[in-house]
Amino acid sequence: MSTFGTNSSGRNRNSAGPEEQFLLTERHRNGIIAPHSRGSTLGRRGAGPETGKPTLVAEPVKLTPAWEEKNLPNDELNFKSVTMDQADLEINPPNDRCKLVYLVLVLHGIGTLMPWNMFITAKNYFIEYKLSANNTDVKSDYADNFMPYIGIASQVPNFFFNWLNIFVVIGGNLTTRIVWSILTEVLAFFLTVVLAMLDSSTWPGFFFWITIGSVVVLNMANGIYQNTVYGMAAKLPLKYTSAVILGSNISGTFTSIISIVSTAMAPNDRTAAIYYFITALFVLLMCFDTYFALPLNRFYRYHELLNQKAIQAKAAEGNSRPPYWKIFKQCSPQLFNVFFIFFITLAIFPAVHSDIKESTFNIGPTYYVSVMCFLTFNATAMLGSLFSSWFVWPGPKGLIIPVLLRGLLLPAFLLCNYQPRGVHRTLGVLFMNDWIVLALGVILGLSGGYYSSLAMMYCPRMVEPRYSSTAGMFGAACLVSGICAGIVFALVCPWLVSNLTLPIV
């Protein structure tokens, strides 16, 4: 009887090459028999040396890497580029447990509008304290020009870098862009806190221009940050873009409440401003920390994996750059909606809304603007964004109708008791009652928060999933464009009420 490892001549089979494995099967013994193949004699029948009965002759079977690769199915070959974690994510798609990713994007939404909200809500600090003729030794018009200048300094860099970031990846990959933009914002707010601690009564001009310069740098960084956050949210399901919008509106409510609390509790304007701006530092540092926590979440990794597969499929087609014009045309109805919503909002808020004087209420000038303007608008805008996560109406095609009707709010606010600083109003006042002003403020906030959320949610869904991130960036750029256009138009509003003479008493 033959034994494993020897042939009839007694030569040891172990002397064969390392890639050869020898399988021997004898009669009445369980074994493995290689299938017949062309050019192979394995399994050939022959006479046994002792009994003459037919037996199977052992032949070598070569298992080479080439054999393995050529005979594996396609799905196993593709699996080589997939980690076990990625495979598990695709087999078992995870849920957003405890809404952690949603809450993180809400926080980043707060961070994206934190610079803008902080400076416009601190209007009284800059105009009545730091730049007021009563508190400085220099007579100037810095107080009158502060709000227009701060609007331009905030939104022009934001506008430019939002659009540029769509076509040119500024600052490297996603992590690099978010990290450096947040750190730049932290340094700018730190400078603002230092300026609040110093007595600038003898150099209001230097204080004015260094504040404007810090706002420019702050919003250059924020333009990249805001655009990147919307692109990141566009990779996720529909409601996560709404989470960023919700956070943006919470940002306004949050800063309004902080402004009121710091004013009420601090002994003077200087201390109130220090507490107020330090709060912004803590929020931005929380945004910084939570960004690095996102890749640890399975739900976020799953959608990031889906997005990467879409990008790889696009690269396999030989087209590495997105078709920007095609994406823009497909999204154009929603891009117009986003633009017009924010144009109307920023034409009214805060420039016109904050200059409406108290008529029938008895709140007092210190809190009238804080409550009637900033708190009312921001709180209702937050509620409007929240409503969009509960129900969605109208659809993408019908959204333009209420968006256009919302334009009637602009003349309505101009016909309130709007008294711009340093301007003699000739246009008659139609709505003197503060309850009407409050109702208009509620409508402005609710409609702005709700319709802007819908438009931003619809925007990435107008294109193929692989282009959703680019569409989200277009939406963010049109959002900032609407803000810039609204701020510029707000500069015209004092001229309108001082030159129009409608017969209204």
# chains A, B, ... in the order shown; residues from 1 in each chain; ligands from 1
>>> residues_around(residues="Phe374 of chain A", least_positions_apart="6", cutoff="9 Å", atoms="only C-alpha atoms", output="ChimeraX atom specification")
/A:121,252-253,255-256,349-350,353-354
>>> write_last_selection(atoms="C-alpha atoms", output="short mmCIF file (atom, residue, chain, number, x, y, z; two decimals), in the first residue's frame")
data_model
loop_
_atom_site.label_atom_id
_atom_site.label_comp_id
_atom_site.auth_asym_id
_atom_site.auth_seq_id
_atom_site.Cartn_x
_atom_site.Cartn_y
_atom_site.Cartn_z
CA THR A 121 -26.92 92.09 18.42
CA GLY A 252 -29.80 84.38 16.72
CA THR A 253 -32.10 83.46 19.61
CA THR A 255 -27.21 85.62 21.13
CA SER A 256 -30.33 87.70 21.83
CA PHE A 349 -33.58 92.76 9.75
CA PRO A 350 -31.74 94.20 11.57
CA HIS A 353 -36.41 96.53 12.25
CA SER A 354 -34.00 97.79 14.93
#
>>> residues_around(residues="Pro333 of chain A", least_positions_apart="4", cutoff="9 Å", atoms="only C-alpha atoms", output="JSON, numbers by chain")
{"A": [329, 337, 338, 396, 397, 400, 455, 459]}
>>> write_last_selection(atoms="C-alpha atoms", output="PDB file, in the first residue's frame")
ATOM      1  CA  LYS A 329     -29.388  74.883 -13.736  1.00  0.00           C
ATOM      2  CA  ASN A 337     -35.902  80.826  -3.442  1.00  0.00           C
ATOM      3  CA  VAL A 338     -32.946  80.800  -1.054  1.00  0.00           C
ATOM      4  CA  PRO A 396     -40.358  72.168  -4.646  1.00  0.00           C
ATOM      5  CA  LYS A 397     -42.500  73.553  -7.497  1.00  0.00           C
ATOM      6  CA  ILE A 400     -41.876  80.047  -5.113  1.00  0.00           C
ATOM      7  CA  ALA A 455     -35.477  75.616  -0.013  1.00  0.00           C
ATOM      8  CA  CYS A 459     -31.692  72.082  -3.249  1.00  0.00           C
TER       9      CYS A 459
END
>>> select_by_dssp(residues="segment 248-368 of chain A", states="helix (DSSP H, G or I)", output="JSON, numbers by chain")
{"A": [248, 249, 250, 251, 252, 253, 254, 255, 256, 257, 258, 259, 260, 261, 262, 263, 264, 265, 269, 270, 271, 272, 273, 274, 275, 276, 277, 278, 279, 280, 281, 282, 283, 284, 285, 286, 287, 288, 289, 290, 291, 292, 293, 294, 295, 296, 298, 299, 300, 301, 302, 303, 304, 305, 306, 307, 308, 309, 310, 311, 312, 313, 314, 315, 316, 324, 325, 326, 327, 328, 329, 330, 331, 332, 333, 334, 335, 336, 337, 338, 339, 340, 341, 342, 343, 344, 345, 346, 347, 348, 353, 354, 355, 365, 366, 367, 368]}
>>> write_last_selection(atoms="C-alpha atoms", output="mmCIF file, in the first residue's frame")
data_model
loop_
_atom_site.group_PDB
_atom_site.id
_atom_site.type_symbol
_atom_site.label_atom_id
_atom_site.label_comp_id
_atom_site.auth_asym_id
_atom_site.auth_seq_id
_atom_site.Cartn_x
_atom_site.Cartn_y
_atom_site.Cartn_z
ATOM 1 C CA SER A 248 -28.457 79.150 12.388
ATOM 2 C CA ASN A 249 -31.747 80.446 13.728
ATOM 3 C CA ILE A 250 -31.049 79.154 17.233
ATOM 4 C CA SER A 251 -27.813 81.148 17.002
ATOM 5 C CA GLY A 252 -29.801 84.377 16.721
ATOM 6 C CA THR A 253 -32.098 83.456 19.613
ATOM 7 C CA PHE A 254 -29.132 82.379 21.712
ATOM 8 C CA THR A 255 -27.207 85.618 21.134
ATOM 9 C CA SER A 256 -30.325 87.697 21.834
ATOM 10 C CA ILE A 257 -30.887 85.968 25.169
ATOM 11 C CA ILE A 258 -27.203 86.257 26.100
ATOM 12 C CA SER A 259 -27.296 89.962 25.226
ATOM 13 C CA ILE A 260 -30.349 90.592 27.422
ATOM 14 C CA VAL A 261 -28.992 88.533 30.341
ATOM 15 C CA SER A 262 -25.514 90.087 30.213
ATOM 16 C CA THR A 263 -27.021 93.595 30.051
ATOM 17 C CA ALA A 264 -29.309 92.906 33.006
ATOM 18 C CA MET A 265 -26.706 91.231 35.238
ATOM 19 C CA ASP A 269 -21.638 97.962 29.370
ATOM 20 C CA ARG A 270 -17.957 97.010 29.378
ATOM 21 C CA THR A 271 -18.434 93.973 31.635
ATOM 22 C CA ALA A 272 -21.575 92.932 29.741
ATOM 23 C CA ALA A 273 -19.640 92.962 26.449
ATOM 24 C CA ILE A 274 -16.820 90.855 27.921
ATOM 25 C CA TYR A 275 -19.229 88.156 29.136
ATOM 26 C CA TYR A 276 -21.139 88.348 25.874
ATOM 27 C CA PHE A 277 -18.163 87.790 23.547
ATOM 28 C CA ILE A 278 -16.554 85.140 25.766
ATOM 29 C CA THR A 279 -19.734 83.093 25.276
ATOM 30 C CA ALA A 280 -19.012 83.036 21.536
ATOM 31 C CA LEU A 281 -15.552 81.606 22.246
ATOM 32 C CA PHE A 282 -17.025 78.680 24.175
ATOM 33 C CA VAL A 283 -19.539 77.914 21.403
ATOM 34 C CA LEU A 284 -16.844 77.889 18.709
ATOM 35 C CA LEU A 285 -14.618 75.624 20.813
ATOM 36 C CA MET A 286 -17.561 73.212 21.191
ATOM 37 C CA CYS A 287 -17.947 73.196 17.396
ATOM 38 C CA PHE A 288 -14.240 72.431 17.120
ATOM 39 C CA ASP A 289 -14.471 69.458 19.505
ATOM 40 C CA THR A 290 -17.663 67.941 18.103
ATOM 41 C CA TYR A 291 -16.363 67.952 14.535
ATOM 42 C CA PHE A 292 -13.674 65.437 15.519
ATOM 43 C CA ALA A 293 -16.331 63.299 17.212
ATOM 44 C CA LEU A 294 -18.340 62.872 13.987
ATOM 45 C CA PRO A 295 -16.084 60.200 12.370
ATOM 46 C CA LEU A 296 -16.536 58.068 15.491
ATOM 47 C CA ARG A 298 -21.362 54.816 12.732
ATOM 48 C CA PHE A 299 -24.287 56.660 11.143
ATOM 49 C CA TYR A 300 -22.006 59.432 9.880
ATOM 50 C CA ARG A 301 -19.393 56.925 8.638
ATOM 51 C CA TYR A 302 -22.089 55.017 6.744
ATOM 52 C CA HIS A 303 -23.237 58.067 4.792
ATOM 53 C CA GLU A 304 -19.645 59.158 4.257
ATOM 54 C CA LEU A 305 -18.998 55.702 2.766
ATOM 55 C CA LEU A 306 -21.974 56.074 0.415
ATOM 56 C CA ASN A 307 -20.702 59.470 -0.687
ATOM 57 C CA GLN A 308 -17.190 58.122 -1.291
ATOM 58 C CA LYS A 309 -18.595 55.301 -3.420
ATOM 59 C CA ALA A 310 -20.500 57.849 -5.495
ATOM 60 C CA ILE A 311 -17.299 59.875 -5.938
ATOM 61 C CA GLN A 312 -15.371 56.747 -6.966
ATOM 62 C CA ALA A 313 -18.065 55.867 -9.484
ATOM 63 C CA LYS A 314 -17.823 59.379 -10.879
ATOM 64 C CA ALA A 315 -14.016 59.102 -11.089
ATOM 65 C CA ALA A 316 -14.341 55.751 -12.899
ATOM 66 C CA TYR A 324 -21.093 72.985 -12.250
ATOM 67 C CA TRP A 325 -23.335 74.611 -14.843
ATOM 68 C CA LYS A 326 -25.568 71.532 -15.072
ATOM 69 C CA ILE A 327 -25.880 71.393 -11.267
ATOM 70 C CA PHE A 328 -26.623 75.122 -11.097
ATOM 71 C CA LYS A 329 -29.388 74.883 -13.736
ATOM 72 C CA GLN A 330 -31.038 71.907 -12.036
ATOM 73 C CA CYS A 331 -30.986 73.700 -8.660
ATOM 74 C CA SER A 332 -31.817 77.188 -10.003
ATOM 75 C CA PRO A 333 -35.487 77.317 -8.806
ATOM 76 C CA GLN A 334 -34.439 76.532 -5.226
ATOM 77 C CA LEU A 335 -31.363 78.746 -5.466
ATOM 78 C CA PHE A 336 -33.620 81.675 -6.369
ATOM 79 C CA ASN A 337 -35.902 80.826 -3.442
ATOM 80 C CA VAL A 338 -32.946 80.800 -1.054
ATOM 81 C CA PHE A 339 -31.635 84.082 -2.448
ATOM 82 C CA PHE A 340 -34.964 85.938 -2.331
ATOM 83 C CA ILE A 341 -35.895 84.707 1.163
ATOM 84 C CA PHE A 342 -32.653 86.037 2.638
ATOM 85 C CA PHE A 343 -32.756 89.197 0.524
ATOM 86 C CA ILE A 344 -36.119 90.208 2.011
ATOM 87 C CA THR A 345 -35.079 89.134 5.510
ATOM 88 C CA LEU A 346 -31.812 91.086 5.559
ATOM 89 C CA ALA A 347 -33.316 94.140 3.869
ATOM 90 C CA ILE A 348 -35.565 94.385 6.945
ATOM 91 C CA HIS A 353 -36.412 96.528 12.250
ATOM 92 C CA SER A 354 -33.997 97.788 14.928
ATOM 93 C CA ASP A 355 -34.693 101.446 14.036
ATOM 94 C CA PRO A 365 -35.474 101.972 24.955
ATOM 95 C CA THR A 366 -32.932 99.648 26.583
ATOM 96 C CA TYR A 367 -34.964 96.502 26.051
ATOM 97 C CA TYR A 368 -37.379 97.538 23.275
#
>>> closest_residue(among="A:Ala471, A:Thr175, A:Phe208, A:Val429", to="Phe126 of chain A", atoms="only C-alpha atoms")
A:Phe208
>>> closest_residue(among="A:Asn499, A:Gly407, A:Arg421, A:Ser388", to="Ile127 of chain A", atoms="only C-alpha atoms")
A:Arg421
>>> residues_around(residues="Pro148 of chain A", least_positions_apart="2", cutoff="10 Å", atoms="only C-alpha atoms", output="PyMOL selection string")
chain A and resi 144-146+150-154+351+487-488+490-491
>>> write_last_selection(atoms="C-alpha atoms", output="compact mmCIF listing (two decimals), in the first residue's frame")
# COMPACT_ATOMS: atom_id res chain seq x y z
CA ASP A 144 -23.78 106.53 12.52
CA ASN A 145 -21.75 104.46 10.05
CA PHE A 146 -21.03 101.44 12.22
CA ILE A 150 -20.24 96.09 9.85
CA GLY A 151 -22.74 94.63 7.39
CA ILE A 152 -20.41 95.12 4.43
CA ALA A 153 -17.35 93.92 6.36
CA SER A 154 -19.24 90.80 7.44
CA ALA A 351 -31.26 97.61 9.89
CA ILE A 487 -27.80 94.48 3.46
CA VAL A 488 -27.01 96.67 0.46
CA ALA A 490 -31.11 98.24 3.58
CA LEU A 491 -28.73 101.15 2.97
>>> atom_distance(atom1="atom CA of Phe377 of chain A", atom2="atom CA of Phe474 of chain A")
25.7 Å
>>> closest_atom_pairs(of="segment 307-377 of chain A", to="segment 433-443 of chain A", cutoff="7 Å", atoms="only C-alpha atoms", output="JSON lines")
{"residue": "A:Glu358", "atom": "CA", "partner": "A:Asp434", "partner_atom": "CA", "distance": 6.8}
{"residue": "A:Ser359", "atom": "CA", "partner": "A:Asp434", "partner_atom": "CA", "distance": 6.1}
{"residue": "A:Thr360", "atom": "CA", "partner": "A:Asp434", "partner_atom": "CA", "distance": 5.7}
{"residue": "A:Phe361", "atom": "CA", "partner": "A:Asp434", "partner_atom": "CA", "distance": 6.4}
{"residue": "A:Met372", "atom": "CA", "partner": "A:Leu438", "partner_atom": "CA", "distance": 6.5}
{"residue": "A:Thr376", "atom": "CA", "partner": "A:Gly441", "partner_atom": "CA", "distance": 6.5}
{"residue": "A:Phe377", "atom": "CA", "partner": "A:Gly441", "partner_atom": "CA", "distance": 5.8}
>>> write_last_selection(atoms="all heavy atoms", output="short mmCIF file (atom, residue, chain, number, x, y, z; two decimals), in the first residue's frame")
data_model
loop_
_atom_site.label_atom_id
_atom_site.label_comp_id
_atom_site.auth_asym_id
_atom_site.auth_seq_id
_atom_site.Cartn_x
_atom_site.Cartn_y
_atom_site.Cartn_z
N GLU A 358 -40.39 102.83 19.69
CA GLU A 358 -41.52 102.43 20.53
C GLU A 358 -42.63 103.47 20.46
O GLU A 358 -42.39 104.68 20.51
CB GLU A 358 -41.04 102.26 21.96
CG GLU A 358 -42.08 101.72 22.92
CD GLU A 358 -41.51 101.50 24.31
OE1 GLU A 358 -40.43 102.05 24.60
OE2 GLU A 358 -42.15 100.78 25.10
N SER A 359 -43.89 102.99 20.35
CA SER A 359 -45.03 103.90 20.24
C SER A 359 -46.05 103.67 21.35
O SER A 359 -46.45 104.60 22.05
CB SER A 359 -45.70 103.75 18.88
OG SER A 359 -44.81 104.06 17.84
N THR A 360 -46.51 102.44 21.51
CA THR A 360 -47.59 102.16 22.45
C THR A 360 -47.16 101.29 23.62
O THR A 360 -47.81 101.31 24.67
CB THR A 360 -48.76 101.47 21.72
OG1 THR A 360 -48.28 100.30 21.06
CG2 THR A 360 -49.37 102.40 20.69
N PHE A 361 -46.11 100.51 23.48
CA PHE A 361 -45.63 99.70 24.60
C PHE A 361 -44.86 100.58 25.58
O PHE A 361 -44.50 101.72 25.27
CB PHE A 361 -44.73 98.57 24.10
CG PHE A 361 -45.46 97.47 23.37
CD1 PHE A 361 -44.77 96.48 22.71
CD2 PHE A 361 -46.85 97.43 23.36
CE1 PHE A 361 -45.44 95.48 22.04
CE2 PHE A 361 -47.53 96.43 22.68
CZ PHE A 361 -46.82 95.46 22.02
N MET A 372 -38.22 93.40 20.94
CA MET A 372 -39.11 93.52 19.79
C MET A 372 -38.43 93.16 18.47
O MET A 372 -39.08 92.67 17.55
CB MET A 372 -39.65 94.95 19.72
CG MET A 372 -40.62 95.29 20.83
SD MET A 372 -42.21 94.44 20.63
CE MET A 372 -42.87 95.28 19.20
N THR A 376 -37.55 88.63 19.13
CA THR A 376 -38.76 88.22 18.40
C THR A 376 -38.42 87.55 17.08
O THR A 376 -38.91 86.46 16.78
CB THR A 376 -39.67 89.44 18.15
OG1 THR A 376 -40.09 89.98 19.39
CG2 THR A 376 -40.89 89.04 17.34
N PHE A 377 -37.57 88.19 16.30
CA PHE A 377 -37.23 87.62 14.99
C PHE A 377 -36.50 86.28 15.14
O PHE A 377 -36.85 85.29 14.50
CB PHE A 377 -36.36 88.58 14.18
CG PHE A 377 -35.80 87.97 12.92
CD1 PHE A 377 -36.59 87.86 11.80
CD2 PHE A 377 -34.51 87.45 12.89
CE1 PHE A 377 -36.10 87.26 10.64
CE2 PHE A 377 -34.01 86.86 11.74
CZ PHE A 377 -34.81 86.77 10.61
#
>>> atom_distance(atom1="atom CA of Thr211 of chain A", atom2="atom CA of Phe119 of chain A")
10.0 Å
>>> residues_around(residues="segment 179-190 of chain A", least_positions_apart="6", cutoff="6 Å", atoms="only C-alpha atoms", output="VMD selection string")
chain A and resid 214 218 221 225 281
>>> residues_around(residues="Gly109 of chain A", least_positions_apart="6", cutoff="7 Å", atoms="only C-alpha atoms", output="list in words")
Val244, Ile245, Leu246, Gly247 and Ser248 of chain A
